[in-house]
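*Asks:* mmCIF, C-alpha atoms and all ligand atoms, file run.cif:
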```cif
data_target
loop_
_atom_site.label_atom_id
_atom_site.label_comp_id
_atom_site.auth_asym_id
_atom_site.auth_seq_id
_atom_site.Cartn_x
_atom_site.Cartn_y
_atom_site.Cartn_z
CA MET D 1267 -24.11 -8.53 -12.31
CA THR D 1268 -23.19 -7.99 -8.69
CA GLN D 1269 -19.55 -8.63 -7.99
CA LYS D 1270 -18.75 -10.53 -4.83
CA VAL D 1271 -15.34 -9.60 -3.50
CA ALA D 1272 -13.39 -11.44 -0.80
CA VAL D 1273 -10.45 -10.02 1.13
CA LEU D 1274 -8.20 -12.88 2.20
CA GLY D 1275 -5.85 -12.28 5.13
CA THR D 1276 -7.51 -9.16 6.48
CA GLY D 1277 -4.77 -7.39 8.44
CA LYS D 1278 -3.83 -3.68 8.29
CA ILE D 1279 -4.02 -3.29 4.51
CA GLY D 1280 -6.92 -5.69 4.05
CA GLU D 1281 -9.00 -3.91 6.70
CA ALA D 1282 -8.16 -0.47 5.28
CA LEU D 1283 -9.38 -1.63 1.89
CA LEU D 1284 -12.48 -3.31 3.31
CA SER D 1285 -13.51 -0.20 5.23
CA GLY D 1286 -12.81 1.99 2.19
CA MET D 1287 -14.98 -0.20 -0.04
CA ILE D 1288 -17.84 0.03 2.43
CA ARG D 1289 -17.44 3.83 2.71
CA GLY D 1290 -17.34 3.87 -1.10
CA GLY D 1291 -20.77 2.24 -1.32
CA TRP D 1292 -20.07 -1.50 -1.56
CA ALA D 1293 -22.71 -3.48 0.29
CA PRO D 1294 -21.29 -5.56 3.15
CA SER D 1295 -23.39 -8.45 1.79
CA ASP D 1296 -21.25 -8.38 -1.39
CA LEU D 1297 -18.04 -8.66 0.62
CA LEU D 1298 -16.38 -11.58 2.38
CA VAL D 1299 -13.32 -11.67 4.60
CA THR D 1300 -10.97 -14.35 5.83
CA ALA D 1301 -8.69 -14.21 8.84
CA ARG D 1302 -6.34 -16.66 10.48
CA ARG D 1303 -7.72 -16.23 13.98
CA GLN D 1304 -11.37 -16.68 14.98
CA GLU D 1305 -11.33 -13.55 17.22
CA ARG D 1306 -10.11 -11.45 14.29
CA ALA D 1307 -12.87 -12.85 12.07
CA ALA D 1308 -15.46 -11.98 14.74
CA GLN D 1309 -13.99 -8.48 15.13
CA LEU D 1310 -14.24 -7.81 11.38
CA HIS D 1311 -17.82 -9.10 11.34
CA ASP D 1312 -18.77 -6.86 14.28
CA ARG D 1313 -17.07 -3.77 12.80
CA TYR D 1314 -18.23 -4.02 9.20
CA GLY D 1315 -21.14 -6.49 9.10
CA VAL D 1316 -19.27 -8.66 6.59
CA GLU D 1317 -19.36 -12.43 6.63
CA ALA D 1318 -16.09 -14.11 7.63
CA VAL D 1319 -15.51 -17.42 5.88
CA SER D 1320 -12.70 -19.91 5.27
CA ASN D 1321 -10.21 -19.28 2.47
CA ALA D 1322 -11.66 -22.24 0.53
CA GLU D 1323 -15.21 -20.89 0.92
CA ALA D 1324 -14.11 -17.43 -0.25
CA ALA D 1325 -12.45 -18.97 -3.31
CA LYS D 1326 -15.66 -20.80 -4.19
CA SER D 1327 -18.16 -18.00 -3.67
CA ALA D 1328 -16.41 -14.71 -4.53
CA ASP D 1329 -15.81 -13.46 -8.08
CA THR D 1330 -12.73 -11.49 -7.03
CA LEU D 1331 -10.18 -12.57 -4.44
CA ILE D 1332 -7.95 -9.89 -2.95
CA LEU D 1333 -4.95 -11.48 -1.25
CA THR D 1334 -3.51 -9.24 1.48
CA VAL D 1335 -1.29 -11.63 3.45
CA LYS D 1336 2.43 -10.97 3.94
CA PRO D 1337 4.63 -12.07 1.02
CA GLN D 1338 6.12 -14.78 3.26
CA ASP D 1339 2.62 -16.24 3.84
CA MET D 1340 1.55 -16.19 0.19
CA GLY D 1341 2.92 -19.65 -0.68
CA THR D 1342 0.95 -21.28 2.13
CA LEU D 1343 -2.21 -19.39 1.23
CA LEU D 1344 -1.93 -20.35 -2.44
CA ARG D 1345 -1.41 -24.04 -1.60
CA GLU D 1346 -4.62 -23.84 0.42
CA LEU D 1347 -6.53 -21.94 -2.27
CA ALA D 1348 -5.34 -23.58 -5.49
CA PRO D 1349 -7.73 -26.58 -5.46
CA HIS D 1350 -10.74 -24.27 -4.92
CA VAL D 1351 -10.16 -21.34 -7.30
CA PRO D 1352 -11.96 -21.73 -10.65
CA ALA D 1353 -9.96 -20.16 -13.52
CA ASP D 1354 -12.59 -17.44 -14.04
CA ARG D 1355 -11.87 -15.81 -10.67
CA LEU D 1356 -9.96 -12.53 -10.67
CA VAL D 1357 -7.07 -12.78 -8.22
CA VAL D 1358 -5.70 -9.46 -6.96
CA SER D 1359 -2.45 -9.53 -5.00
CA GLY D 1360 -1.65 -6.69 -2.61
CA ALA D 1361 1.70 -8.20 -1.59
CA ALA D 1362 5.05 -6.51 -2.03
CA GLY D 1363 7.50 -8.09 -4.41
CA ILE D 1364 5.60 -11.15 -5.61
CA PRO D 1365 5.14 -11.11 -9.39
CA THR D 1366 1.90 -12.09 -11.13
CA SER D 1367 3.74 -15.09 -12.64
CA TYR D 1368 4.05 -16.55 -9.10
CA PHE D 1369 0.25 -16.75 -8.89
CA GLU D 1370 -0.21 -17.87 -12.48
CA GLU D 1371 2.17 -20.80 -11.88
CA ARG D 1372 0.24 -21.94 -8.80
CA LEU D 1373 -3.38 -21.39 -9.89
CA ALA D 1374 -5.48 -22.88 -12.70
CA ALA D 1375 -4.19 -22.13 -16.21
CA GLY D 1376 -5.60 -18.85 -17.51
CA THR D 1377 -6.42 -17.33 -14.10
CA PRO D 1378 -6.42 -13.52 -14.41
CA VAL D 1379 -4.11 -11.87 -11.86
CA VAL D 1380 -3.71 -8.17 -11.05
CA ARG D 1381 -0.88 -6.91 -8.84
CA VAL D 1382 -1.50 -3.83 -6.70
CA MET D 1383 0.85 -1.94 -4.41
CA THR D 1384 -1.11 0.39 -2.15
CA ASN D 1385 0.01 2.19 1.05
CA THR D 1386 -1.26 2.83 4.57
CA PRO D 1387 -2.81 6.27 3.83
CA ALA D 1388 -5.60 4.03 2.52
CA LEU D 1389 -6.83 4.42 6.10
CA VAL D 1390 -7.63 8.08 5.38
CA ASP D 1391 -8.61 7.63 1.71
CA GLU D 1392 -5.27 9.12 0.55
CA ALA D 1393 -3.62 5.95 -0.72
CA MET D 1394 -1.65 5.63 -3.91
CA SER D 1395 -2.41 2.21 -5.41
CA VAL D 1396 -0.16 1.16 -8.27
CA ILE D 1397 -1.79 -1.44 -10.53
CA SER D 1398 -0.37 -3.90 -13.08
CA ALA D 1399 -1.94 -6.66 -15.16
CA GLY D 1400 -0.72 -10.25 -15.24
CA THR D 1401 -0.74 -12.33 -18.44
CA HIS D 1402 -4.46 -13.12 -18.46
CA ALA D 1403 -5.91 -9.94 -16.90
CA THR D 1404 -8.07 -7.95 -19.30
CA ALA D 1405 -8.88 -4.24 -19.45
CA ALA D 1406 -12.11 -5.05 -17.56
CA HIS D 1407 -10.11 -6.71 -14.76
CA LEU D 1408 -7.85 -3.66 -14.46
CA THR D 1409 -10.89 -1.39 -14.38
CA LEU D 1410 -12.44 -3.46 -11.62
CA ALA D 1411 -9.21 -3.35 -9.60
CA GLU D 1412 -9.15 0.43 -10.07
CA GLU D 1413 -12.78 0.70 -8.91
CA ILE D 1414 -11.96 -1.24 -5.77
CA PHE D 1415 -8.76 0.62 -4.88
CA SER D 1416 -10.08 4.05 -5.85
CA THR D 1417 -12.33 3.80 -2.77
CA VAL D 1418 -9.19 4.44 -0.68
CA GLY D 1419 -7.38 7.02 -2.81
CA LYS D 1420 -5.65 7.47 -6.15
CA THR D 1421 -4.69 4.72 -8.57
CA LEU D 1422 -2.00 4.53 -11.24
CA ARG D 1423 -1.39 1.84 -13.87
CA VAL D 1424 2.22 0.85 -14.49
CA PRO D 1425 3.89 -2.02 -16.37
CA GLU D 1426 4.71 -4.77 -13.90
CA SER D 1427 8.44 -4.16 -14.50
CA GLN D 1428 8.01 -0.88 -12.54
CA GLN D 1429 6.25 -2.44 -9.53
CA ASP D 1430 9.37 -2.94 -7.39
CA ALA D 1431 10.30 0.72 -7.90
CA ALA D 1432 6.74 1.81 -7.10
CA THR D 1433 6.86 -0.29 -3.94
CA ALA D 1434 10.06 1.51 -2.88
CA LEU D 1435 8.57 4.95 -3.63
CA SER D 1436 4.92 4.88 -2.64
CA GLY D 1437 4.36 1.55 -0.86
CA SER D 1438 7.08 2.28 1.69
CA GLY D 1439 6.96 6.05 1.08
CA PRO D 1440 4.84 7.07 4.08
CA ALA D 1441 7.44 5.52 6.42
CA TYR D 1442 10.14 7.87 5.12
CA PHE D 1443 7.99 10.91 5.90
CA TYR D 1444 7.18 9.61 9.40
CA PHE D 1445 10.91 9.05 9.92
CA LEU D 1446 11.68 12.64 8.84
CA VAL D 1447 8.97 14.05 11.12
CA GLU D 1448 10.35 12.02 14.03
CA ALA D 1449 13.91 13.28 13.33
CA MET D 1450 12.82 16.91 12.92
CA THR D 1451 10.79 16.72 16.12
CA ASP D 1452 13.99 15.64 17.89
CA ALA D 1453 15.67 18.67 16.34
CA GLY D 1454 12.91 20.87 17.76
CA ILE D 1455 13.65 19.46 21.21
CA LEU D 1456 17.35 20.21 20.74
CA LEU D 1457 16.33 23.78 19.90
CA GLY D 1458 14.38 23.98 23.17
CA LEU D 1459 10.78 23.38 22.10
CA PRO D 1460 8.48 21.06 24.06
CA ARG D 1461 7.94 17.77 22.17
CA ASP D 1462 4.20 18.31 21.59
CA LYS D 1463 4.75 21.78 20.13
CA ALA D 1464 7.68 20.60 17.99
CA HIS D 1465 5.46 17.77 16.71
CA ASP D 1466 2.59 20.12 15.84
CA LEU D 1467 4.88 22.58 14.04
CA ILE D 1468 6.50 19.90 11.91
CA VAL D 1469 3.27 18.06 11.12
CA GLN D 1470 1.59 21.27 9.97
CA ALA D 1471 4.67 22.17 7.89
CA ALA D 1472 4.45 18.69 6.32
CA ILE D 1473 0.73 19.05 5.58
CA GLY D 1474 1.19 22.54 4.13
CA ALA D 1475 4.11 21.41 1.99
CA ALA D 1476 2.20 18.30 0.82
CA VAL D 1477 -0.86 20.33 -0.22
CA MET D 1478 1.36 22.82 -2.10
CA LEU D 1479 3.20 19.97 -3.84
CA ARG D 1480 -0.15 18.52 -4.91
CA ASP D 1481 -2.09 21.68 -5.73
CA SER D 1482 0.27 24.53 -6.71
CA GLY D 1483 1.43 23.07 -10.01
CA GLU D 1484 4.96 24.23 -9.13
CA HIS D 1485 8.08 22.08 -9.35
CA PRO D 1486 9.46 21.09 -5.90
CA VAL D 1487 12.69 22.96 -6.69
CA LYS D 1488 10.71 26.19 -7.22
CA LEU D 1489 8.74 25.63 -4.02
CA ARG D 1490 11.98 25.14 -2.08
CA GLU D 1491 13.57 28.22 -3.68
CA ASN D 1492 10.57 30.28 -2.56
CA VAL D 1493 11.38 29.35 1.05
CA THR D 1494 15.10 29.92 0.69
CA SER D 1495 15.85 33.63 1.20
CA PRO D 1496 19.28 35.08 0.27
CA ALA D 1497 21.52 34.96 3.35
CA GLY D 1498 18.53 33.63 5.25
CA THR D 1499 17.93 30.69 7.58
CA THR D 1500 16.84 27.98 5.15
CA ILE D 1501 20.02 27.95 3.06
CA ASN D 1502 22.02 27.21 6.20
CA ALA D 1503 19.88 24.14 6.81
CA ILE D 1504 20.07 23.06 3.15
CA ARG D 1505 23.88 23.28 3.24
CA GLU D 1506 23.92 20.91 6.23
CA LEU D 1507 21.55 18.49 4.48
CA GLU D 1508 23.86 18.44 1.46
CA ASN D 1509 26.99 18.16 3.68
CA HIS D 1510 25.46 15.10 5.36
CA GLY D 1511 24.60 13.47 2.06
CA VAL D 1512 20.84 13.35 2.68
CA ARG D 1513 20.03 13.32 -1.05
CA ALA D 1514 22.43 10.42 -1.66
CA ALA D 1515 21.11 8.64 1.45
CA LEU D 1516 17.54 8.85 0.14
CA ILE D 1517 18.55 7.53 -3.27
CA ALA D 1518 20.42 4.63 -1.64
CA ALA D 1519 17.51 3.97 0.74
CA LEU D 1520 14.95 3.66 -2.03
CA GLU D 1521 17.32 1.51 -4.07
CA ALA D 1522 17.61 -0.83 -1.05
CA ALA D 1523 13.80 -0.98 -0.75
CA ARG D 1524 13.52 -1.78 -4.48
CA ASP D 1525 16.12 -4.55 -4.08
CA ARG D 1526 14.25 -6.04 -1.13
CA SER D 1527 11.04 -6.04 -3.15
CA ARG D 1528 12.88 -8.03 -5.84
CA GLU D 1529 14.11 -10.48 -3.20
CA LEU D 1530 10.55 -11.07 -2.01
CA ALA D 1531 9.71 -12.32 -5.51
CA THR D 1532 9.82 -15.96 -4.40
CA GLY D 1533 7.28 -15.28 -1.69
CA ASN D 1534 9.70 -16.84 0.79
CA GLY D 1535 12.03 -13.80 0.99
N1 LIG K 1 1.86 -2.25 5.67
C1 LIG K 1 2.07 -1.54 4.57
O1 LIG K 1 2.43 -0.34 4.60
C2 LIG K 1 1.85 -2.13 3.22
C3 LIG K 1 1.73 -3.50 3.07
N2 LIG K 1 1.54 -4.01 1.82
C4 LIG K 1 1.41 -5.46 1.61
O2 LIG K 1 0.15 -5.82 2.16
C5 LIG K 1 0.23 -7.14 2.68
C6 LIG K 1 -0.31 -7.15 4.09
O3 LIG K 1 0.47 -6.28 4.89
P1 LIG K 1 -0.11 -5.80 6.29
O4 LIG K 1 -1.56 -5.54 6.17
O5 LIG K 1 0.82 -4.75 6.75
O6 LIG K 1 0.14 -7.16 7.16
P2 LIG K 1 -0.72 -7.71 8.36
O7 LIG K 1 0.17 -8.69 9.07
O8 LIG K 1 -1.35 -6.62 9.14
O9 LIG K 1 -1.89 -8.53 7.63
C7 LIG K 1 -1.75 -9.79 7.08
C8 LIG K 1 -2.86 -10.65 7.65
O10 LIG K 1 -2.90 -11.89 6.96
C9 LIG K 1 -3.32 -12.89 7.88
N3 LIG K 1 -2.99 -14.20 7.32
C10 LIG K 1 -1.77 -14.74 7.05
N4 LIG K 1 -1.90 -15.95 6.49
C11 LIG K 1 -3.24 -16.19 6.38
C12 LIG K 1 -4.01 -17.26 5.86
N5 LIG K 1 -3.42 -18.37 5.35
N6 LIG K 1 -5.35 -17.17 5.87
C13 LIG K 1 -5.95 -16.06 6.38
N7 LIG K 1 -5.28 -15.00 6.89
C14 LIG K 1 -3.94 -15.08 6.89
C15 LIG K 1 -2.56 -12.54 9.14
O11 LIG K 1 -3.13 -13.16 10.28
C16 LIG K 1 -2.68 -11.02 9.13
O12 LIG K 1 -3.84 -10.58 9.83
C17 LIG K 1 1.69 -7.57 2.57
O13 LIG K 1 1.82 -8.48 1.51
C18 LIG K 1 2.45 -6.29 2.31
O14 LIG K 1 3.56 -6.53 1.43
C19 LIG K 1 1.37 -3.21 0.74
C20 LIG K 1 1.47 -1.87 0.85
C21 LIG K 1 1.77 -1.23 2.10
O1 LIG K 2 7.62 -2.96 4.26
C1 LIG K 2 6.94 -3.68 3.51
O2 LIG K 2 7.41 -4.73 3.07
C2 LIG K 2 5.54 -3.26 3.11
C3 LIG K 2 5.40 -3.18 1.62
C4 LIG K 2 5.35 -1.72 1.32
C5 LIG K 2 5.18 -1.09 2.62
N1 LIG K 2 5.24 -1.95 3.59
#
```
Before anything else, please render the file you have as C-alpha cells.
Ligand SMILES: NC(=O)C1=CN([C@@H]2O[C@H](COP(=O)(O)OP(=O)(O)OC[C@H]3O[C@@H](n4cnc5c(N)ncnc54)[C@H](O)[C@@H]3O)[C@@H](O)[C@H]2O)C=CC1
Ligand SMILES: O=C(O)[C@@H]1CCC=N1

*Replies:*
Amino acid sequence: MTQKVAVLGTGKIGEALLSGMIRGGWAPSDLLVTARRQERAAQLHDRYGVEAVSNAEAAKSADTLILTVKPQDMGTLLRELAPHVPADRLVVSGAAGIPTSYFEERLAAGTPVVRVMTNTPALVDEAMSVISAGTHATAAHLTLAEEIFSTVGKTLRVPESQQDAATALSGSGPAYFYFLVEAMTDAGILLGLPRDKAHDLIVQAAIGAAVMLRDSGEHPVKLRENVTSPAGTTINAIRELENHGVRAALIAALEAARDRSRELATGNG
C-alpha cells in the first residue's frame, strides 16, 4: 500500500526532510506539505512539485503526519489538528523537547507517535536522526520512521528517556562545530592569515578529522595523540585548552542544552 506522508510546518528541517525523501525516491504525488504563509506553500510546490494543503486536509488524507513546527508552536498546531486526525494515523514529531505523551494526551486515544531528533546536516544527507517510540507506536511504525529519515542520513533508535541528551549532542551538535570553526578562524587572523585562507584551512582540518573519526576505527584519544608530537606544537595548544577549561565548558554547555530540552517539554517553553 502506498504511504502518503505529510510534512506539517515545512521550515528548515521540514524542507530538508522533504527534499531528502524526494531524492530518496518518494514520489512527490505521495507527499503533502503545509505552511503558515501562502507564498511559502507556493515556493514548496514550485521547488518540489508537492501539493500544499491545509493542516486539516493533511490530517485527513495522509497516513503519516510529520510535525516540524517549533516546540512553542506545537500546542497551537495540535489544537488545530486534533479534531481531524483519525487514531490510525502515525504522528511523527521532529520537535525538540516535547515528549510523545504530550501528543498522546492531545490526540485520539491510541494514536501512534514517534519522536525524532534530526539535525541540519540533513541538507547534505549527513543527518543523525535519533528515533523513539511512544506508547502506541509499533515496530512497523519505527521502521517507517527510519525509512523516512534514512533518506537524509543515519538513524539511531534510543529509549525516549535519552532523547533530551541526544538533542543536546546531535540535534544541537553541528552548532558547536560551527562555533569552533568560527573561533579558530579568528585565531588564524590573529596569527596573520587572511580570513578566507584561515577558513579554508580550518574547514579542511575539520573535514579530515571528521572522516578519520568516522572511518579509521581509532579512538579519538589515539587520533589526538598521533597529532601530538613530544615537545611539539600541538601539546602547547592542548595545554592552553585545558588551562581555559574547554573540556569542562563543553560538558556544561551540553548539560545546559539537555536542560533546555527538558524545559521545552510543555511545548510552551
Ligand atoms: N534547526 C535545527 O537545527 C533543528 C530543529 N529541530 C526541530 O525542528 C523543528 C523545526 O525547526 P526549524 O525547521 O529550525 O524551524 P523553522 O522555523 O524553520 O520551521 C518551522 C516552520 O513551521 C511553520 N509553522 C508554524 N506553525 C505552523 C502551523 N500552525 N501550520 C503550518 N506551519 C506552521 C513556520 O511558519 C515555519 O516555517 C523544531 O521543533 C526544532 O526543535 C530539530 C533538529 C534540529
Ligand atoms: O536549538 C534548538 O532548539 C533546535 C533543536 C536542536 C537544534 N536546534

*Asks:* Do you have the CA of Leu1356 (chain D)-CA of Asn1385 (chain D) distance handy?

*Replies:*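 Pair CA of Leu1356 (chain D) / CA of Asn1385 (chain D) returns 21.3 Å.
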
*Asks:* Which residue out of D:Gly1437, D:Gly1280, D:Gly1341, D:Gly1291 has the minimum interatomic distance to ligand LIG 2 (chain K) when all atoms listed in the file are used?

*Replies:*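 Closest residue, counting all atoms listed in the file: D:Gly1437.
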
*Asks:* Each residue of chain D lying at most 6 Å from ligand LIG 1 (chain K) should get a row with its shortest atom-to-atom pair and the distance in Å to one decimal, counting all atoms listed in the file; could you produce that, ordered by chain and increasing number, as CSV?

*Replies:*
```
residue,atom,partner,partner_atom,distance
D:Leu1274,CA,K:LIG1,C13,5.7
D:Gly1275,CA,K:LIG1,N7,3.3
D:Thr1276,CA,K:LIG1,C8,5.0
D:Gly1277,CA,K:LIG1,O9,3.2
D:Lys1278,CA,K:LIG1,O4,3.6
D:Ile1279,CA,K:LIG1,O4,3.7
D:Gly1280,CA,K:LIG1,O4,5.8
D:Thr1300,CA,K:LIG1,C13,5.3
D:Ala1301,CA,K:LIG1,N7,4.0
D:Arg1302,CA,K:LIG1,N7,4.1
D:Thr1334,CA,K:LIG1,C5,4.5
D:Val1335,CA,K:LIG1,O10,3.9
D:Lys1336,CA,K:LIG1,O13,3.5
D:Pro1337,CA,K:LIG1,O13,4.6
D:Asp1339,CA,K:LIG1,N4,5.2
D:Leu1343,CA,K:LIG1,N5,4.4
D:Gly1360,CA,K:LIG1,O2,5.2
D:Ala1361,CA,K:LIG1,O13,3.1
D:Ala1362,CA,K:LIG1,O14,3.8
D:Met1383,CA,K:LIG1,C20,5.3
D:Thr1384,CA,K:LIG1,C20,4.6
D:Asn1385,CA,K:LIG1,C21,4.0
D:Thr1386,CA,K:LIG1,O1,4.9
D:Gly1437,CA,K:LIG1,C20,4.8
```

*Asks:* What's the separation between CA of Leu1333 (chain D) and CA of Arg1355 (chain D), in Å to one decimal place?

*Replies:* 12.5 Å

*Asks:* Report, as AutoDock Vina command-line options, the centre and edge lengths in Å (one decimal) of the axis-aligned box enclosing every listed atom of region 1346-1355 of chain D, padded by 3 Å on each side.

*Replies:*
```
--center_x -8.6 --center_y -21.2 --center_z -6.8 --size_x 14.0 --size_y 16.8 --size_z 20.5
```

*Asks:* Residues up to 12 Å from ligand LIG 2 (chain K), counting only C-alpha atoms and all ligand atoms: could you list those as an NGL selection string?

*Replies:* :D and (1278-1279 or 1334-1338 or 1360-1364 or 1382-1388 or 1393-1396 or 1429-1442 or 1520 or 1522-1531 or 1533 or 1535)

*Asks:* Mind writing the picked residues with C-alpha atoms as a compact mmCIF listing (two decimals), in the frame of the given file?

*Replies:*
```txt
# COMPACT_ATOMS: atom_id res chain seq x y z
CA LYS D 1278 -3.83 -3.68 8.29
CA ILE D 1279 -4.02 -3.29 4.51
CA THR D 1334 -3.51 -9.24 1.48
CA VAL D 1335 -1.29 -11.63 3.45
CA LYS D 1336 2.43 -10.97 3.94
CA PRO D 1337 4.63 -12.07 1.02
CA GLN D 1338 6.12 -14.78 3.26
CA GLY D 1360 -1.65 -6.69 -2.61
CA ALA D 1361 1.70 -8.20 -1.59
CA ALA D 1362 5.05 -6.51 -2.03
CA GLY D 1363 7.50 -8.09 -4.41
CA ILE D 1364 5.60 -11.15 -5.61
CA VAL D 1382 -1.50 -3.83 -6.70
CA MET D 1383 0.85 -1.94 -4.41
CA THR D 1384 -1.11 0.39 -2.15
CA ASN D 1385 0.01 2.19 1.05
CA THR D 1386 -1.26 2.83 4.57
CA PRO D 1387 -2.81 6.27 3.83
CA ALA D 1388 -5.60 4.03 2.52
CA ALA D 1393 -3.62 5.95 -0.72
CA MET D 1394 -1.65 5.63 -3.91
CA SER D 1395 -2.41 2.21 -5.41
CA VAL D 1396 -0.16 1.16 -8.27
CA GLN D 1429 6.25 -2.44 -9.53
CA ASP D 1430 9.37 -2.94 -7.39
CA ALA D 1431 10.30 0.72 -7.90
CA ALA D 1432 6.74 1.81 -7.10
CA THR D 1433 6.86 -0.29 -3.94
CA ALA D 1434 10.06 1.51 -2.88
CA LEU D 1435 8.57 4.95 -3.63
CA SER D 1436 4.92 4.88 -2.64
CA GLY D 1437 4.36 1.55 -0.86
CA SER D 1438 7.08 2.28 1.69
CA GLY D 1439 6.96 6.05 1.08
CA PRO D 1440 4.84 7.07 4.08
CA ALA D 1441 7.44 5.52 6.42
CA TYR D 1442 10.14 7.87 5.12
CA LEU D 1520 14.95 3.66 -2.03
CA ALA D 1522 17.61 -0.83 -1.05
CA ALA D 1523 13.80 -0.98 -0.75
CA ARG D 1524 13.52 -1.78 -4.48
CA ASP D 1525 16.12 -4.55 -4.08
CA ARG D 1526 14.25 -6.04 -1.13
CA SER D 1527 11.04 -6.04 -3.15
CA ARG D 1528 12.88 -8.03 -5.84
CA GLU D 1529 14.11 -10.48 -3.20
CA LEU D 1530 10.55 -11.07 -2.01
CA ALA D 1531 9.71 -12.32 -5.51
CA GLY D 1533 7.28 -15.28 -1.69
CA GLY D 1535 12.03 -13.80 0.99
```

*Asks:* Measure the distance from CA of Glu1491 (chain D) to CA of Arg1461 (chain D) in Å and round it to one decimal.

*Replies:*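 Between CA of Glu1491 (chain D) and CA of Arg1461 (chain D) the gap works out to 28.4 Å.
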
*Asks:* When distances are computed from all atoms listed in the file, which of D:Ala1318, D:Val1379, D:Leu1347, D:Leu1422 shows the smallest separation from Ala1406 (chain D)?

*Replies:*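 Between D:Ala1318, D:Val1379, D:Leu1347, D:Leu1422, the residue approaching Ala1406 (chain D) most closely is D:Val1379.
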
*Asks:* Identify which of the residues D:Val1447, D:Val1469, D:Ala1403, D:Ile1414 lies closest to Ser1285 (chain D), counting all atoms listed in the file when measuring atom-to-atom distances.

*Replies:* D:Ile1414

*Asks:* List as a ChimeraX atom specification the protein and nucleic acid residues near Met1450 (chain D), meaning an atom at most 10 Å away when all atoms listed in the file are counted, but skip any in the same chain fewer than 2 places from it.

*Replies:* /D:1444-1448,1452-1456,1464-1465,1467-1469

*Asks:* Which residues are close to Ala1325 (chain D), i.e. within 10 Å by only C-alpha atoms, leaving aside same-chain residues fewer than 3 positions away? Reply as a PyMOL selection string.

*Replies:* chain D and resi 1271-1272+1274+1319-1322+1328-1331+1346-1352+1355+1357
